[in-house]
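Structure, as structure tokens:
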Amino acid sequence: MPTERSSDPEFTGRAEVVDRLYARLGRLRDGDGGVSLVVGDAGLGKSTLLSAVSRSAAAQGVPVLAAHAVSIDDPPPFSYVNTLLEGGLAPVADDSTDPDESGVRRALGLSGERGRIPRDWVLAQISERLLGVAGEAPLVVTLDDLHRADESSLAAVEFLAPRLAGQRLWILGSSRTFGSLSPAKSARLLQFEGATRAEMVTLRPLNPGELAGYVRRLQPARRFSAEELDRAHVESGGNPLLVQRVVRRLVEEDRAPPPPALDLPPLDSDAQRALDVAAVLGPEFSFELLRGATGEPEERLAEIVNQLVDRGLLFERAGELLEFPEDRLREEAYARMSERRRRLLHRRVGETREAQPGERSTRIFGLAHDFYLAKEREKSIEYNRQAAAMAEAAFAPDVARDFRARALESQRELAPSDLAGEASLVLDLARTNYELGRLEEADTMLGEFLERSRSTALLSVSLRATLQILRAQVLTARGDQSSSRELAEKILATPGLEGEKLVQVGAHHQLGLALYYEGRYPESLAHHTEELHLARELGDEVLAVHALKWHSALLGMMGQGERSLVEAREVADTLDRLGSPADRAQGHLFLGNMLADDRSSPQHRVEALTELRKAIRFGEEAHDPRRIGWARYWIAELLRDEGRWTEADENARRAHETLGQIGDRVGQAVAAKVRGQVALSQGAYDESDANLAEAEKLLRGSRHALEELDVSLRRAELLKARGDRSGALARLAELERLGLPRKRPDLAASLEALRRSLDIPAQGE
């Protein structure tokens, strides 16, 4: 590309900014961590300034990690922070996904909890990695072109920022001025500034004296007159990148600069066409990609690019890269085009991207964006589904949801009557909404699709049943157990499913869950027994152990402790044999849980602690916060039983913290409940009240009525301990009205102990 400039010279002038940043670097060793953001127009030297600070840090023995944005409109999640440590810092979108895991089993709720890692846990892991590096030595992290970072990466920095006080970690970013960005980007960076409490550093243009020194460094062999330097300052506005163009033109052509862009004739048709393509390509793009999308010969395109650069419509960057100096210029170029022309150009750009090599995830996300806007529906479906799967593999289900919604929209436009083709996309999107907690949206989507397809034979019986099973799962999560139960019963009564054993497994599983949450344990056990039988008939060990867990848990709930523990040990042995750390953590957690619940002998308590500590070890290996947190909760329960108050409270505190990081409100609630019980045992009534109140608040409105019964029982015990007999009696009456002895037989002994302490005869006396 003839207009390519040489690499940037060292940063020039603006001594007040340089001194400010270098002083901050000097304070880093003393723990002056935080976030600084250099803001300025394109071409002022923000990247060069970050490089200069990085070189100074490296010269002082301070490690530097650098992040860079990718050059598409919808970048992959965490792509920005993935450039830190050469992609080893954040989750990377996997190139492949398990088709079974994302298919029927996942829709049926039979895939367990693997892969459902909440974003906050991922953000916490990124923070821990960076703080771990900074714990060994001071660390500088540079975030160039922050205005082009993906949402997941911005969230990661926002999550980390409050933890930087007193740390030897300094995050130094750069961004265009907020006013030059689109309204959405400007608002997002204002939010970022507030969330991180970033120190804002404004980078100004070169003044006339600084410009003269800069020009001498660019061309030491040529003397420039005062008039030439004045013209260079007027024409460039002191922008170093524009100064370079003025100087190059003066050296090469030795003529006066052209009149201002406003006095130039309109762009010719070739230049306007290239500008239109550029507006579609993205915020930054290569000369080669522009050439492929325009079809112009290289030499002619170089002339066109020169025109656009001379007018300030595009900027050149090293590496044959081009960019718009302001979002506004790109938006204006895009808005001038008709909808038909935009679609045409997006198709052409998509075809060009397809034909050129590139990093896989960036390429897929770019193709998903272009073919969706081009309304090339078949390719839009293909690439948006791939992008969604990659986003999910990178622990960004919110991003996956957006791409799945686009794929579904394209499918409905392509073939409105193809309900079978639409069904798989509805399953994927509804399942993602379910996992994001968007339960009403998932329920509405499934309900509307099932109603639309009710009278058609285009949907197979098994596919309809799969959709219904997912809806039953959503209804259970919404706390509507009766509707979930009725739907599962309807599925099992549907003719034509006799040979569909996998679907039957899913239906029995959901029906068993609904009955369990209604406290109808014998009926629930019957359906989980049938689920287990069918899974074993299928010869599927994973499905069988999934069913066996529920079978064992129900036996324990119904007082059949010995048989329950036999099955729990089988669950742990099977998951140990399956091999993955996540499976092993799950197995040992389950066995430890069942042993802790049984508590029929001191030996069981000792064994439970051993199993739960194994679960933590394997959970840490698998980066599985949920199982680590729940294992700590059960350890806290056991230690509380033994009167080891300090250890119990510490484990409950850590469980509360870990489960809070991943948004597990039920886990947080039961951990707070244990802390409340410990405080009650020690006579710290105010502390107990605060913890039990938090537990009630966390459980309010959830589907976990059985846990609410436990917390309410502990509140009654606290009222009794405080001498509030009437309050305790009111709680007791409510617990009996709700059927605690039937729904929570494991709490019946505690309830009877409370009755006796209140001088109330045991029931039946």
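The chains in the structure tokens are called A, B, ... from first to last as shown; in each chain the residues are counted from 1, and the ligands are counted from 1 in the order shown.
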As a count of residues only, please: the residues near Ala279 of chain A (cut-off 12 Å, only C-alpha atoms, same-chain neighbours under 5 positions excluded).
32
Selection near segment 135-137 of chain A, 9 Å with only C-alpha atoms, sequence-local residues under 4 positions removed, as a tab-separated table (two decimals) with N, CA and C atoms, in the first residue's frame:
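So the final result, stored in part_14.tsv, reads:
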chain	number	residue	atom	x	y	z
A	29	ARG	N	5.18	0.77	42.95
A	29	ARG	CA	5.84	-0.15	43.88
A	29	ARG	C	5.33	0.03	45.31
A	61	GLY	N	12.22	-2.94	35.33
A	61	GLY	CA	11.96	-4.30	35.79
A	61	GLY	C	10.52	-4.56	36.13
A	62	VAL	N	9.60	-3.72	35.66
A	62	VAL	CA	8.17	-3.91	35.93
A	62	VAL	C	7.54	-4.61	34.73
A	63	PRO	N	6.96	-5.80	34.90
A	63	PRO	CA	6.33	-6.50	33.77
A	63	PRO	C	5.16	-5.70	33.20
A	130	LEU	N	-4.55	-11.82	37.42
A	130	LEU	CA	-3.80	-10.56	37.35
A	130	LEU	C	-3.25	-10.16	38.71
A	131	LEU	N	-4.06	-10.29	39.75
A	131	LEU	CA	-3.58	-9.93	41.08
A	131	LEU	C	-2.48	-10.88	41.54
A	167	GLN	N	-2.94	-2.34	45.87
A	167	GLN	CA	-2.28	-3.38	45.05
A	167	GLN	C	-1.23	-2.74	44.14
A	168	ARG	N	-0.28	-3.56	43.73
A	168	ARG	CA	0.77	-3.08	42.81
A	168	ARG	C	0.40	-3.41	41.37
A	169	LEU	N	-0.82	-3.06	41.01
A	169	LEU	CA	-1.32	-3.32	39.67
A	169	LEU	C	-1.94	-2.04	39.12
Choose the residue, out of A:Leu344, A:Leu555, A:Ala514, A:Leu429, that has the smallest atom-to-atom separation from Glu489 of chain A; count only C-alpha atoms.
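With only C-alpha atoms as the atom set, the closest residue is A:Ala514.
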Which residue out of A:Glu537, A:Val461, A:Ser726, A:Arg744 has the minimum interatomic distance to Asp597 of chain A when only C-alpha atoms are used?
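So, comparing all the options, the nearest one is A:Arg744.
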List the neighbours of Pro602 of chain A out to 12 Å using only C-alpha atoms; skip same-chain residues closer than 6 positions along the sequence, and give me the result as a PDB file with N, CA and C atoms, in the first residue's frame.
ATOM      1  N   LEU A 595     -23.823 -38.402  53.633  1.00  0.00           N
ATOM      2  CA  LEU A 595     -23.267 -38.817  54.931  1.00  0.00           C
ATOM      3  C   LEU A 595     -23.536 -37.753  55.992  1.00  0.00           C
ATOM      4  N   ALA A 596     -23.404 -36.481  55.596  1.00  0.00           N
ATOM      5  CA  ALA A 596     -23.662 -35.395  56.543  1.00  0.00           C
ATOM      6  C   ALA A 596     -25.127 -35.373  56.951  1.00  0.00           C
ATOM      7  N   ALA A 608     -17.849 -38.135  56.149  1.00  0.00           N
ATOM      8  CA  ALA A 608     -18.434 -37.017  55.402  1.00  0.00           C
ATOM      9  C   ALA A 608     -17.423 -35.889  55.221  1.00  0.00           C
ATOM     10  N   LEU A 609     -16.709 -35.557  56.299  1.00  0.00           N
ATOM     11  CA  LEU A 609     -15.701 -34.501  56.196  1.00  0.00           C
ATOM     12  C   LEU A 609     -14.619 -34.874  55.190  1.00  0.00           C
ATOM     13  N   LEU A 638     -21.500 -29.786  59.571  1.00  0.00           N
ATOM     14  CA  LEU A 638     -20.942 -30.856  60.411  1.00  0.00           C
ATOM     15  C   LEU A 638     -20.174 -30.287  61.591  1.00  0.00           C
ATOM     16  N   ASP A 641     -22.480 -29.014  64.229  1.00  0.00           N
ATOM     17  CA  ASP A 641     -23.027 -30.119  65.019  1.00  0.00           C
ATOM     18  C   ASP A 641     -22.072 -30.543  66.129  1.00  0.00           C
ATOM     19  N   GLU A 642     -20.773 -30.451  65.841  1.00  0.00           N
ATOM     20  CA  GLU A 642     -19.763 -30.886  66.809  1.00  0.00           C
ATOM     21  C   GLU A 642     -19.390 -29.780  67.789  1.00  0.00           C
TER      22      GLU A 642
END
